[in-house]
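Text of the file final_32.cif, holding mmCIF, C-alpha atoms:
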data_work
loop_
_atom_site.label_atom_id
_atom_site.label_comp_id
_atom_site.auth_asym_id
_atom_site.auth_seq_id
_atom_site.Cartn_x
_atom_site.Cartn_y
_atom_site.Cartn_z
CA MET A 196 -282.85 194.04 50.46
CA GLN A 197 -285.54 194.38 53.13
CA THR A 198 -285.51 190.61 53.77
CA LEU A 199 -281.73 190.58 54.21
CA LEU A 200 -281.91 193.58 56.54
CA SER A 201 -284.62 191.88 58.62
CA VAL A 202 -282.62 188.65 58.85
CA ALA A 203 -279.46 190.54 59.86
CA PHE A 204 -281.40 192.56 62.43
CA ALA A 205 -282.99 189.38 63.82
CA LEU A 206 -279.61 187.70 64.17
CA LEU A 207 -278.09 190.72 65.92
CA ALA A 208 -281.12 191.15 68.19
CA GLY A 209 -280.94 187.53 69.30
CA LEU A 210 -277.22 187.70 70.05
CA MET A 211 -277.46 190.99 71.95
CA MET A 212 -280.40 189.69 73.99
CA THR A 213 -278.23 186.83 75.28
CA ARG A 214 -275.86 189.42 76.79
CA LEU A 215 -278.77 191.05 78.60
CA MET A 216 -280.30 187.76 79.76
CA LYS A 217 -276.92 186.48 80.97
CA ARG A 218 -277.37 188.64 84.09
CA PHE A 219 -280.49 186.64 84.93
CA ARG A 220 -278.79 183.31 84.05
CA LEU A 221 -281.47 182.45 81.50
CA PRO A 222 -280.75 179.98 78.68
CA ASP A 223 -279.85 181.47 75.29
CA VAL A 224 -282.97 179.87 73.79
CA THR A 225 -285.18 182.00 76.03
CA ALA A 226 -283.18 185.11 75.06
CA TYR A 227 -283.67 184.36 71.35
CA LEU A 228 -287.42 183.87 71.80
CA LEU A 229 -287.74 187.11 73.77
CA ALA A 230 -285.75 188.96 71.09
CA GLY A 231 -288.14 187.56 68.50
CA LEU A 232 -291.15 188.78 70.46
CA LEU A 233 -289.65 192.28 70.70
CA ILE A 234 -288.91 192.59 66.97
CA GLY A 235 -292.12 190.84 65.92
CA PRO A 236 -295.42 192.27 64.66
CA PHE A 237 -296.62 193.12 68.20
CA PHE A 238 -293.75 195.47 69.11
CA LEU A 239 -291.01 196.92 66.86
CA GLY A 240 -292.67 195.45 63.78
CA ARG A 241 -295.62 197.81 64.33
CA LEU A 242 -293.37 200.78 63.57
CA GLY A 243 -293.14 199.66 59.95
CA ILE A 244 -289.48 200.66 59.61
CA PRO A 245 -287.93 198.66 56.73
CA GLY A 246 -285.42 196.12 57.99
CA VAL A 247 -286.18 196.78 61.67
CA GLY A 248 -288.21 193.84 62.89
CA PHE A 249 -291.01 191.95 61.17
CA SER A 250 -294.09 194.00 60.41
CA SER A 251 -296.47 191.12 59.57
CA TYR A 252 -296.89 187.37 59.85
CA GLU A 253 -296.88 187.18 56.05
CA GLU A 254 -293.31 188.44 56.13
CA LEU A 255 -292.43 185.70 58.62
CA ASP A 256 -294.10 183.09 56.40
CA GLY A 257 -291.55 184.00 53.74
CA LEU A 258 -288.80 182.79 56.07
CA THR A 259 -290.22 179.30 56.69
CA LEU A 260 -287.38 177.89 54.59
CA ILE A 261 -284.94 178.89 57.35
CA SER A 262 -287.09 177.18 59.97
CA ASN A 263 -287.43 174.00 57.89
CA VAL A 264 -283.68 173.75 57.29
CA ALA A 265 -282.90 174.48 60.96
CA LEU A 266 -285.27 171.72 62.09
CA GLY A 267 -283.58 169.40 59.60
CA PHE A 268 -280.17 170.03 61.16
CA ILE A 269 -281.63 169.64 64.66
CA ALA A 270 -283.07 166.23 63.72
CA PHE A 271 -279.78 165.28 62.04
CA SER A 272 -277.92 166.09 65.27
CA ILE A 273 -280.38 164.09 67.37
CA GLY A 274 -279.70 161.12 65.08
CA ASN A 275 -276.22 161.10 66.59
CA GLU A 276 -277.82 159.99 69.87
CA PHE A 277 -278.89 156.69 68.27
CA ARG A 278 -275.44 155.17 68.05
CA LEU A 279 -275.73 151.41 68.55
CA SER A 280 -273.12 151.48 71.30
CA ALA A 281 -275.32 153.88 73.31
CA LEU A 282 -278.63 152.19 72.44
CA LYS A 283 -277.39 148.92 73.90
CA LYS A 284 -277.34 150.65 77.28
CA THR A 285 -280.38 152.94 77.11
CA GLY A 286 -282.38 151.83 74.05
CA ARG A 287 -285.04 149.83 75.91
CA GLN A 288 -285.50 152.52 78.57
CA ALA A 289 -285.75 155.31 75.97
CA PHE A 290 -288.33 153.39 73.92
CA VAL A 291 -290.55 152.49 76.86
CA ILE A 292 -290.41 155.97 78.42
CA GLY A 293 -290.91 157.67 75.05
CA VAL A 294 -294.08 155.73 74.30
CA VAL A 295 -295.55 155.76 77.82
CA GLN A 296 -295.13 159.48 78.59
CA ALA A 297 -296.61 160.46 75.21
CA CYS A 298 -299.64 158.19 75.68
CA VAL A 299 -300.21 159.33 79.29
CA ALA A 300 -300.09 163.00 78.23
CA THR A 301 -302.62 162.33 75.47
CA ALA A 302 -304.90 160.36 77.82
CA LEU A 303 -304.93 163.04 80.55
CA VAL A 304 -305.61 165.88 78.11
CA ASP A 305 -308.35 163.83 76.44
CA VAL A 306 -310.08 163.12 79.78
CA ALA A 307 -309.83 166.72 81.03
CA LEU A 308 -311.05 168.30 77.79
CA LEU A 309 -313.83 165.75 77.25
CA LEU A 310 -315.09 166.54 80.76
CA PHE A 311 -314.96 170.21 79.81
CA HIS A 312 -316.94 169.33 76.65
CA LEU A 313 -319.62 167.59 78.71
CA ALA A 314 -319.88 170.67 80.94
CA ALA A 315 -319.90 173.14 78.04
CA PRO A 316 -320.69 171.34 74.74
CA ASP A 317 -321.27 174.63 72.90
CA VAL A 318 -317.77 175.87 73.81
CA LEU A 319 -315.58 172.85 73.01
CA SER A 320 -316.63 169.97 70.76
CA ALA A 321 -315.61 166.34 71.27
CA PRO A 322 -313.59 166.22 67.99
CA ALA A 323 -311.60 169.30 69.08
CA ALA A 324 -310.94 167.79 72.53
CA ILE A 325 -309.71 164.49 71.05
CA THR A 326 -307.46 166.28 68.53
CA LEU A 327 -305.91 168.46 71.23
CA GLY A 328 -305.18 165.35 73.27
CA ALA A 329 -303.19 163.88 70.38
CA ILE A 330 -301.25 167.11 69.83
CA ALA A 331 -300.25 167.02 73.52
CA ALA A 332 -297.94 164.05 72.80
CA ALA A 333 -295.53 166.11 70.69
CA THR A 334 -292.38 167.58 72.24
CA ALA A 335 -290.12 170.19 70.63
CA PRO A 336 -286.59 168.84 70.14
CA ALA A 337 -285.07 172.20 69.18
CA ALA A 338 -285.22 173.99 72.53
CA THR A 339 -284.07 170.91 74.44
CA LEU A 340 -281.10 170.33 72.14
CA MET A 341 -280.00 173.97 72.37
CA VAL A 342 -280.03 173.90 76.19
CA VAL A 343 -278.01 170.67 76.18
CA ARG A 344 -275.47 172.19 73.79
CA GLN A 345 -275.16 175.55 75.55
CA TYR A 346 -274.44 174.07 78.96
CA LYS A 347 -272.61 170.99 77.62
CA ALA A 348 -274.96 168.76 79.57
CA LYS A 349 -273.69 165.22 79.97
CA GLY A 350 -274.96 162.34 82.05
CA GLU A 351 -277.58 159.62 82.36
CA LEU A 352 -280.51 162.03 82.06
CA THR A 353 -279.15 163.70 78.90
CA SER A 354 -278.35 160.36 77.24
CA LEU A 355 -281.99 159.31 77.73
CA LEU A 356 -283.57 162.68 77.01
CA LEU A 357 -282.50 163.21 73.39
CA PRO A 358 -283.60 159.78 72.06
CA ILE A 359 -286.94 160.18 73.89
CA VAL A 360 -287.53 163.61 72.35
CA ALA A 361 -286.79 162.11 68.94
CA LEU A 362 -289.17 159.19 69.52
CA ASP A 363 -291.91 161.66 70.46
CA ASP A 364 -292.21 162.68 66.82
CA ALA A 365 -292.99 159.14 65.67
CA VAL A 366 -295.32 158.40 68.59
CA GLY A 367 -297.02 161.77 68.21
CA LEU A 368 -297.64 161.17 64.50
CA VAL A 369 -299.36 157.85 65.21
CA LEU A 370 -301.47 159.21 68.07
CA PHE A 371 -302.45 162.27 66.06
CA ALA A 372 -303.38 160.27 62.95
CA VAL A 373 -305.61 157.89 64.94
CA SER A 374 -307.19 160.64 67.06
CA PHE A 375 -307.71 162.97 64.12
CA GLY A 376 -309.30 160.13 62.15
CA ILE A 377 -311.73 159.57 65.05
CA ALA A 378 -312.41 163.31 65.25
CA ARG A 379 -313.22 163.50 61.53
CA ALA A 380 -315.47 160.44 61.86
CA LEU A 381 -317.38 162.14 64.69
CA THR A 382 -317.74 165.27 62.56
CA SER A 383 -318.74 163.62 59.27
CA GLY A 384 -320.17 160.33 60.48
CA VAL A 385 -317.84 158.39 58.10
CA VAL A 386 -314.88 156.32 59.31
CA ASP A 387 -311.83 156.66 57.03
CA VAL A 388 -309.57 153.65 57.69
CA PHE A 389 -306.85 154.97 55.38
CA SER A 390 -306.55 158.25 57.27
CA VAL A 391 -306.57 156.53 60.66
CA LEU A 392 -304.19 153.63 60.02
CA VAL A 393 -302.68 153.39 56.53
CA ASN A 394 -301.47 156.95 55.87
CA PRO A 395 -299.62 157.42 59.21
CA ALA A 396 -297.96 154.00 58.82
CA ILE A 397 -296.82 154.91 55.30
CA GLU A 398 -295.52 158.29 56.50
CA ILE A 399 -293.44 156.81 59.34
CA ILE A 400 -292.08 153.83 57.38
CA GLY A 401 -291.46 155.93 54.26
CA SER A 402 -289.64 158.61 56.27
CA LEU A 403 -287.38 156.08 57.95
CA LEU A 404 -286.59 154.34 54.65
CA LEU A 405 -285.85 157.62 52.85
CA GLY A 406 -283.56 158.76 55.66
CA ALA A 407 -281.78 155.39 55.78
CA VAL A 408 -281.12 155.38 52.03
CA ALA A 409 -279.88 158.98 52.15
CA GLY A 410 -277.57 158.15 55.08
CA TYR A 411 -276.08 155.17 53.21
CA VAL A 412 -275.54 157.18 50.02
CA LEU A 413 -273.98 160.05 52.00
CA THR A 414 -271.50 157.68 53.66
CA LYS A 415 -270.45 156.22 50.30
CA LEU A 416 -270.02 159.66 48.72
CA GLU A 417 -267.92 160.86 51.67
CA THR A 418 -265.26 158.27 50.72
CA LEU A 419 -264.65 160.12 47.43
CA PHE A 420 -263.20 163.10 49.31
CA HIS A 421 -260.08 163.37 51.44
CA SER A 422 -260.62 166.93 52.64
CA ASN A 423 -262.75 167.40 55.75
CA THR A 424 -263.93 170.71 54.31
CA ASN A 425 -265.40 168.95 51.28
CA ARG A 426 -266.83 166.19 53.44
CA LEU A 427 -268.54 168.78 55.63
CA ALA A 428 -269.96 170.49 52.53
CA MET A 429 -271.30 167.13 51.34
CA THR A 430 -272.91 166.47 54.74
CA ILE A 431 -274.60 169.88 54.74
CA ALA A 432 -275.79 169.37 51.17
CA PHE A 433 -277.44 166.08 52.13
CA VAL A 434 -279.32 167.65 55.02
CA PHE A 435 -280.66 170.26 52.59
CA LEU A 436 -281.51 167.47 50.13
CA THR A 437 -283.40 165.35 52.67
CA VAL A 438 -285.36 168.39 53.92
CA ALA A 439 -286.37 169.10 50.30
CA LEU A 440 -287.33 165.49 49.56
CA SER A 441 -289.40 165.26 52.73
CA MET A 442 -291.64 168.01 51.37
CA LEU A 443 -292.84 165.69 48.58
CA GLU A 444 -296.38 164.36 48.82
CA VAL A 445 -297.96 161.89 46.44
CA THR A 446 -301.65 160.93 46.47
CA ALA A 447 -302.78 157.64 44.95
CA GLY A 448 -306.50 157.23 45.49
CA PRO A 449 -307.23 157.13 49.23
CA VAL A 450 -303.54 156.62 50.06
CA THR A 451 -301.29 159.64 50.67
CA ILE A 452 -297.54 159.13 50.59
CA GLY A 453 -295.94 161.88 52.65
CA PHE A 454 -292.84 162.29 54.81
CA SER A 455 -291.88 163.82 58.15
CA SER A 456 -288.79 165.99 57.74
CA LEU A 457 -287.84 165.39 61.38
CA LEU A 458 -287.96 161.60 60.98
CA VAL A 459 -286.17 161.66 57.62
CA CYS A 460 -283.29 163.83 58.88
CA MET A 461 -283.11 161.95 62.16
CA MET A 462 -282.72 158.66 60.27
CA LEU A 463 -280.14 160.29 58.00
CA GLY A 464 -278.09 161.18 61.08
CA THR A 465 -278.64 157.76 62.69
CA VAL A 466 -277.42 155.74 59.70
CA PHE A 467 -274.57 158.16 59.00
CA CYS A 468 -273.24 158.11 62.57
CA ASN A 469 -273.33 154.31 62.73
CA ILE A 470 -271.62 153.42 59.44
CA CYS A 471 -269.30 156.39 58.74
CA PRO A 472 -266.05 156.25 60.76
CA LEU A 473 -265.61 160.05 60.51
CA SER A 474 -269.20 160.87 61.46
CA GLU A 475 -268.55 162.15 64.98
CA ASP A 476 -266.05 164.76 63.81
CA LEU A 477 -268.16 165.81 60.81
CA MET A 478 -271.38 166.10 62.83
CA GLY A 479 -269.57 168.21 65.42
CA LYS A 480 -268.36 170.58 62.70
CA ALA A 481 -271.84 170.71 61.16
CA ASP A 482 -273.24 171.76 64.56
CA ARG A 483 -270.80 174.68 64.72
CA TRP A 484 -271.60 175.69 61.13
CA THR A 485 -275.32 175.84 61.89
CA SER A 486 -275.08 177.99 65.05
CA PRO A 487 -276.24 181.25 63.32
CA LEU A 488 -279.03 179.27 61.65
CA MET A 489 -280.26 178.12 65.07
CA VAL A 490 -280.23 181.69 66.39
CA LEU A 491 -282.39 182.79 63.45
CA PHE A 492 -284.72 179.83 63.93
CA PHE A 493 -285.54 180.72 67.52
CA VAL A 494 -285.75 184.48 66.90
CA ILE A 495 -288.19 183.85 64.03
CA SER A 496 -290.11 181.40 66.26
CA GLY A 497 -290.39 184.10 68.92
CA ALA A 498 -291.58 186.68 66.40
CA ASP A 499 -294.17 184.20 65.14
CA LEU A 500 -295.81 183.82 68.57
CA GLU A 501 -299.21 185.52 68.53
CA LEU A 502 -299.88 187.43 71.75
CA GLU A 503 -303.43 188.20 70.67
CA VAL A 504 -304.51 184.76 71.95
CA PHE A 505 -304.36 186.25 75.45
CA SER A 506 -307.25 188.54 74.54
CA GLN A 507 -309.57 185.53 74.09
CA LEU A 508 -310.66 184.41 77.56
CA LEU A 509 -312.11 181.17 76.22
CA VAL A 510 -308.81 180.22 74.59
CA VAL A 511 -306.92 181.13 77.78
CA LEU A 512 -309.21 178.97 79.93
CA ILE A 513 -308.97 175.89 77.71
CA GLY A 514 -305.27 176.63 77.16
CA VAL A 515 -304.59 176.59 80.90
CA ILE A 516 -306.36 173.21 81.22
CA TYR A 517 -304.35 171.92 78.25
CA VAL A 518 -301.00 173.13 79.66
CA LEU A 519 -301.63 171.79 83.18
CA THR A 520 -302.90 168.35 82.12
CA ARG A 521 -300.24 167.92 79.42
CA SER A 522 -297.49 168.87 81.88
CA ALA A 523 -298.88 166.42 84.44
CA GLY A 524 -299.05 163.69 81.80
CA LYS A 525 -295.47 164.25 80.64
CA TYR A 526 -294.13 164.39 84.19
CA PHE A 527 -295.95 161.44 85.74
CA GLY A 528 -295.78 159.34 82.56
CA ALA A 529 -292.01 159.77 82.45
CA ARG A 530 -291.66 159.25 86.21
CA LEU A 531 -293.65 156.01 86.32
CA SER A 532 -292.03 154.49 83.23
CA ALA A 533 -288.53 155.56 84.32
CA ARG A 534 -289.05 153.86 87.68
CA ALA A 535 -290.42 150.74 85.98
CA THR A 536 -287.38 150.47 83.68
CA GLY A 537 -284.88 150.82 86.52
CA CYS A 538 -283.63 154.37 85.96
CA SER A 539 -281.75 156.20 88.69
CA HIS A 540 -283.49 158.42 91.24
CA ASP A 541 -282.39 161.66 89.53
CA VAL A 542 -283.60 160.53 86.10
CA THR A 543 -286.93 159.36 87.54
CA LYS A 544 -287.43 162.67 89.35
CA TYR A 545 -286.36 165.18 86.69
CA LEU A 546 -286.86 163.58 83.25
CA GLY A 547 -290.52 164.60 82.90
CA ILE A 548 -289.68 168.28 83.44
CA THR A 549 -287.32 168.29 80.45
CA LEU A 550 -290.10 167.04 78.14
CA LEU A 551 -292.35 170.11 78.46
CA PRO A 552 -291.22 172.30 75.47
CA GLN A 553 -293.61 172.20 72.51
CA ALA A 554 -293.50 174.05 69.19
CA GLY A 555 -292.97 173.11 65.54
CA VAL A 556 -294.44 169.59 65.36
CA ALA A 557 -297.55 170.63 67.32
CA LEU A 558 -298.11 173.64 65.05
CA GLY A 559 -297.70 171.40 62.02
CA MET A 560 -300.48 169.17 63.38
CA CYS A 561 -302.64 172.29 63.72
CA VAL A 562 -302.39 172.83 59.96
CA THR A 563 -303.94 169.39 59.41
CA ALA A 564 -306.57 170.13 62.07
CA GLN A 565 -307.85 173.05 59.98
CA ALA A 566 -309.93 170.44 58.11
CA LEU A 567 -312.29 170.48 61.13
CA GLY A 568 -313.48 173.99 60.19
CA ALA A 569 -314.32 176.23 63.14
CA ASP A 570 -312.91 173.62 65.53
CA GLY A 571 -309.62 173.82 63.62
CA SER A 572 -309.27 177.54 64.33
CA LEU A 573 -310.01 177.01 68.03
CA ILE A 574 -307.44 174.18 68.19
CA ARG A 575 -304.80 176.39 66.57
CA ASN A 576 -305.35 179.25 69.01
CA ILE A 577 -305.21 176.94 72.04
CA VAL A 578 -301.98 175.34 70.81
CA LEU A 579 -300.52 178.79 70.07
CA PHE A 580 -301.26 179.79 73.67
CA ALA A 581 -299.58 176.61 74.95
CA VAL A 582 -296.56 177.06 72.67
CA LEU A 583 -296.11 180.62 73.92
CA VAL A 584 -296.07 179.37 77.52
CA TYR A 585 -293.92 176.31 76.89
CA GLU A 586 -291.33 177.99 74.68
CA LEU A 587 -290.67 180.74 77.21
CA VAL A 588 -290.77 178.57 80.35
CA GLY A 589 -289.67 175.19 78.95
CA PRO A 590 -285.96 175.94 78.31
CA LEU A 591 -285.58 177.41 81.80
CA MET A 592 -287.21 174.33 83.34
CA THR A 593 -285.02 172.04 81.23
CA LYS A 594 -281.89 173.83 82.43
CA TRP A 595 -283.04 173.59 86.05
CA ALA A 596 -283.85 169.88 85.78
CA LEU A 597 -280.52 169.02 84.11
CA THR A 598 -278.67 171.02 86.77
CA GLN A 599 -280.50 169.28 89.61
CA ALA A 600 -279.76 165.90 88.04
CA GLY A 601 -276.05 166.80 87.88
CA ASP A 602 -275.84 166.76 84.07
CA ILE A 603 -275.00 170.48 83.99
CA GLN A 604 -271.94 171.18 86.10
CA PRO A 605 -271.28 174.67 87.46
CA MET A 606 -268.23 176.33 85.95
CA PRO A 607 -265.17 175.83 88.20
CA GLU A 608 -264.08 178.97 90.05
CA GLU A 609 -260.60 178.63 88.57
CA ILE A 610 -261.97 178.98 85.03
CA VAL A 611 -264.18 181.91 86.07
CA HIS A 612 -261.19 183.73 87.62
CA ARG A 613 -259.05 182.96 84.57
CA ARG A 614 -261.66 184.45 82.25
CA GLU A 615 -262.08 187.50 84.43
CA LYS A 616 -258.29 187.97 84.50
CA LYS A 617 -258.04 187.72 80.71
CA LEU A 618 -260.90 190.19 80.31
CA ALA A 619 -259.23 192.63 82.72
CA GLU A 620 -255.90 192.28 80.88
CA ALA A 621 -257.59 192.93 77.54
CA GLU A 622 -259.36 196.03 78.90
CA THR A 623 -256.07 197.33 80.39
CA LYS A 624 -254.24 196.74 77.12
CA GLU A 625 -256.97 198.58 75.19
CA LEU A 626 -256.80 201.49 77.66
CA VAL A 627 -252.99 201.74 77.28
CA ILE A 628 -253.32 201.80 73.48
CA ARG A 629 -255.89 204.62 73.68
CA ILE A 630 -253.62 206.67 75.99
CA GLN A 631 -250.68 206.19 73.63
CA GLU A 632 -252.79 207.24 70.64
CA LYS A 633 -253.99 210.31 72.54
CA LYS A 634 -250.40 211.31 73.43
CA SER A 635 -249.34 210.78 69.82
CA ARG A 636 -252.09 213.11 68.57
CA HIS A 637 -251.06 215.80 71.10
CA LYS A 638 -247.43 215.64 69.89
CA HIS A 639 -248.52 216.20 66.31
#
Let me see whether you can do it: turn the structure in this file into structure tokens.
Amino acid sequence: MQTLLSVAFALLAGLMMTRLMKRFRLPDVTAYLLAGLLIGPFFLGRLGIPGVGFSSYEELDGLTLISNVALGFIAFSIGNEFRLSALKKTGRQAFVIGVVQACVATALVDVALLLFHLAAPDVLSAPAAITLGAIAAATAPAATLMVVRQYKAKGELTSLLLPIVALDDAVGLVLFAVSFGIARALTSGVVDVFSVLVNPAIEIIGSLLLGAVAGYVLTKLETLFHSNTNRLAMTIAFVFLTVALSMLEVTAGPVTIGFSSLLVCMMLGTVFCNICPLSEDLMGKADRWTSPLMVLFFVISGADLELEVFSQLLVVLIGVIYVLTRSAGKYFGARLSARATGCSHDVTKYLGITLLPQAGVALGMCVTAQALGADGSLIRNIVLFAVLVYELVGPLMTKWALTQAGDIQPMPEEIVHRREKKLAEAETKELVIRIQEKKSRHKH
């Protein structure tokens, strides 16, 4: 009962916060995150009232299933951006930019933090600096996708942005595996080739194969149904199935066979949208079905942000260096590669700004980094600080960049006036009904 009350309260809090933030013209994603902060363990959760907010992070851990499923649907939707017809136009640009900006971000963070290590070796170790550099490559697809959906962004920048964000997961996994393998070698003095090269390759290839097979099977099963309602139910079931299968992990000696849920679900969406003739309609309906799930995902993400990291001056100092150098790497890496691949002026200028959000994938890497012991805890706190900054500022920056590039068009004045007129008519009608009811009661 308490869990259901908390989930209902979280959903309502997120929706009501969008009404408040609308006055400031902030994206809904930011409103959801702020609502999560307010009902999280640092604010309303401290009151300990059952069903009103989340009183502890353990309670939030019990809702990770919602977050995993939401990320699965986000990746499934991004797979729709890999239609072959679109990739023929932007595929080469997206690949080059995706790889270059991730590598430049990692390189800049590595250099800055290694210099900090040389200046203060007792504060930040070399393994921690190298690991943080790899984590810098990851970009959060969820916040970006929600901003694109809310404002119905459409244009050259948007068509490049979503595939690049998706590629970041694969590039980030490779960079993290190699960097983390080097970090562990520096810590233990033993080089583990399987951890550095074999395991990440197996994870990426295995994830893509699993997603491709699931997408093919889904398309074949869809032909058994003639009702769009049943086809939608089948599509949703397969996203749940692929999220579940991606949690499997098999160890055979030094080799670990694991999967990335983002890559699996992204490949599911990619294969499905390219071989199923009804995919566009079904994926659009799935997006509408998952809207409440996305609200919960971001509210829970906001509640899970730990404000206590601000009390640690060391974490704040390293976190500021991390945020500034990662942002510079994303921006200039995207700008240089966009110019080299012949992108337009607006894409070259604003693409890097849309790649700043960071959340789930980076935090997942932090779990692996815990193997470094004390360094692992420091890495987690620094990334938590960065996530807090990026998740609150990133969506707003993404909206601004898409607007400047012309992908978000201001609402025509005619539509605004029409909506205001309808709202006024509805309010007048409601007032007339109340007056009539009042007169009727007086007569009786």
All residues 8 Å or closer to region 458-464 of chain A, only C-alpha atoms, same chain fewer than 5 positions away omitted, as a VMD selection string: chain A and resid 267 to 268 270 to 275 361 364 to 365 399 402 to 410 434 437 to 438 441
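Omitting region 336-342 of chain A and its sequence neighbours fewer than 4 positions away, and counting all atoms listed in the file, the residues within 8 Å are Pro222, Asp223, Val224, Leu266, Ile269, Ala270, Ile273, Tyr346, Ala348, Leu357, Val360, Ala361, Thr549, Pro552, Glu586, Gly589, Pro590, Thr593 and Lys594 of chain A.
Residue neighbourhood of Ala307 (chain A), excluding near-sequence residues (fewer than 6 positions): Ala300, Thr301, Leu313, Ala314, Leu319, Ala321, Ala324, Ile325, Leu327, Gly328, Ile513, Gly514, Val515, Ile516, Tyr517, Val518, Leu519, Thr520, Arg521, Ala523 and Gly524 of chain A, at 12 Å, using all atoms listed in the file.
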Tell me which protein, DNA and RNA residues are within 9 Å of Glu501 (chain A), counting all atoms listed in the file, leaving out same-chain ones fewer than 3 positions away, and put them as a PDB file with C-alpha atoms, in the frame of the given file.
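File around.pdb, as written:
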ATOM      1  CA  LEU A 232    -291.150 188.780  70.460  1.00  0.00           C
ATOM      2  CA  PRO A 236    -295.420 192.270  64.660  1.00  0.00           C
ATOM      3  CA  PHE A 237    -296.620 193.120  68.200  1.00  0.00           C
ATOM      4  CA  GLY A 497    -290.390 184.100  68.920  1.00  0.00           C
ATOM      5  CA  ALA A 498    -291.580 186.680  66.400  1.00  0.00           C
ATOM      6  CA  VAL A 504    -304.510 184.760  71.950  1.00  0.00           C
ATOM      7  CA  PHE A 505    -304.360 186.250  75.450  1.00  0.00           C
ATOM      8  CA  ASN A 576    -305.350 179.250  69.010  1.00  0.00           C
ATOM      9  CA  LEU A 579    -300.520 178.790  70.070  1.00  0.00           C
ATOM     10  CA  PHE A 580    -301.260 179.790  73.670  1.00  0.00           C
ATOM     11  CA  LEU A 583    -296.110 180.620  73.920  1.00  0.00           C
TER      12      LEU A 583
END
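For the residues A:Ala600, A:Val466, A:Leu567, A:Leu416, ranking by smallest atom-to-atom distance to Thr543 (chain A) using only C-alpha atoms places A:Ala600 first.
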Result set of the PyMOL selection byres ((chain A and resi 541) around 12) on the coordinates above, as JSON, numbers by chain: {"A": [350, 351, 352, 353, 530, 533, 534, 537, 538, 539, 540, 542, 543, 544, 545, 546, 547, 548, 596, 597, 598, 599, 600, 601, 602]}
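Minimum atom-to-atom distances from A:Phe420, A:Glu503, A:Met196, A:Ala335 to Val556 (chain A) were compared using all atoms listed in the file, and the lowest value belongs to A:Ala335.
Proximity to Met212 (chain A) was assessed for A:Thr414, A:Lys283, A:Val494, A:Leu381 counting only C-alpha atoms; the smallest distance is recorded for A:Val494.
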Point-to-point distance in Å for CA of Leu551 (chain A) and CA of Val588 (chain A): 8.8 Å
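Between CA of Val445 (chain A) and CA of Val412 (chain A) the interatomic distance comes to 23.2 Å.
Shortest separation to Thr326 (chain A) among A:Leu573, A:Leu587, A:Ile603, A:Leu279 occurs at residue A:Leu573, atoms counted being all atoms listed in the file.
When all atoms listed in the file are used to compute distances to Leu207 (chain A), the closest of the residues A:Ala557, A:Val584, A:Val247, A:Cys471 turns out to be A:Val247.
Of note, CA of Gly479 (chain A) and CA of Leu355 (chain A) are spaced 19.6 Å apart.
Proximity ranking of A:Leu260, A:Leu356, A:Met478, A:Leu491 relative to Phe204 (chain A) places A:Leu491 first, based on all atoms listed in the file.
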Hey, what's within 8 Å of Gly231 (chain A) if we count all atoms listed in the file and toss same-chain stuff fewer than 5 positions away? As a CSV table (one decimal) with C-alpha atoms, keeping the file's coordinate frame, please?
chain,number,residue,atom,x,y,z
A,205,ALA,CA,-283.0,189.4,63.8
A,208,ALA,CA,-281.1,191.2,68.2
A,209,GLY,CA,-280.9,187.5,69.3
A,493,PHE,CA,-285.5,180.7,67.5
A,494,VAL,CA,-285.8,184.5,66.9
A,495,ILE,CA,-288.2,183.8,64.0
A,496,SER,CA,-290.1,181.4,66.3
A,497,GLY,CA,-290.4,184.1,68.9
A,498,ALA,CA,-291.6,186.7,66.4
A,499,ASP,CA,-294.2,184.2,65.1
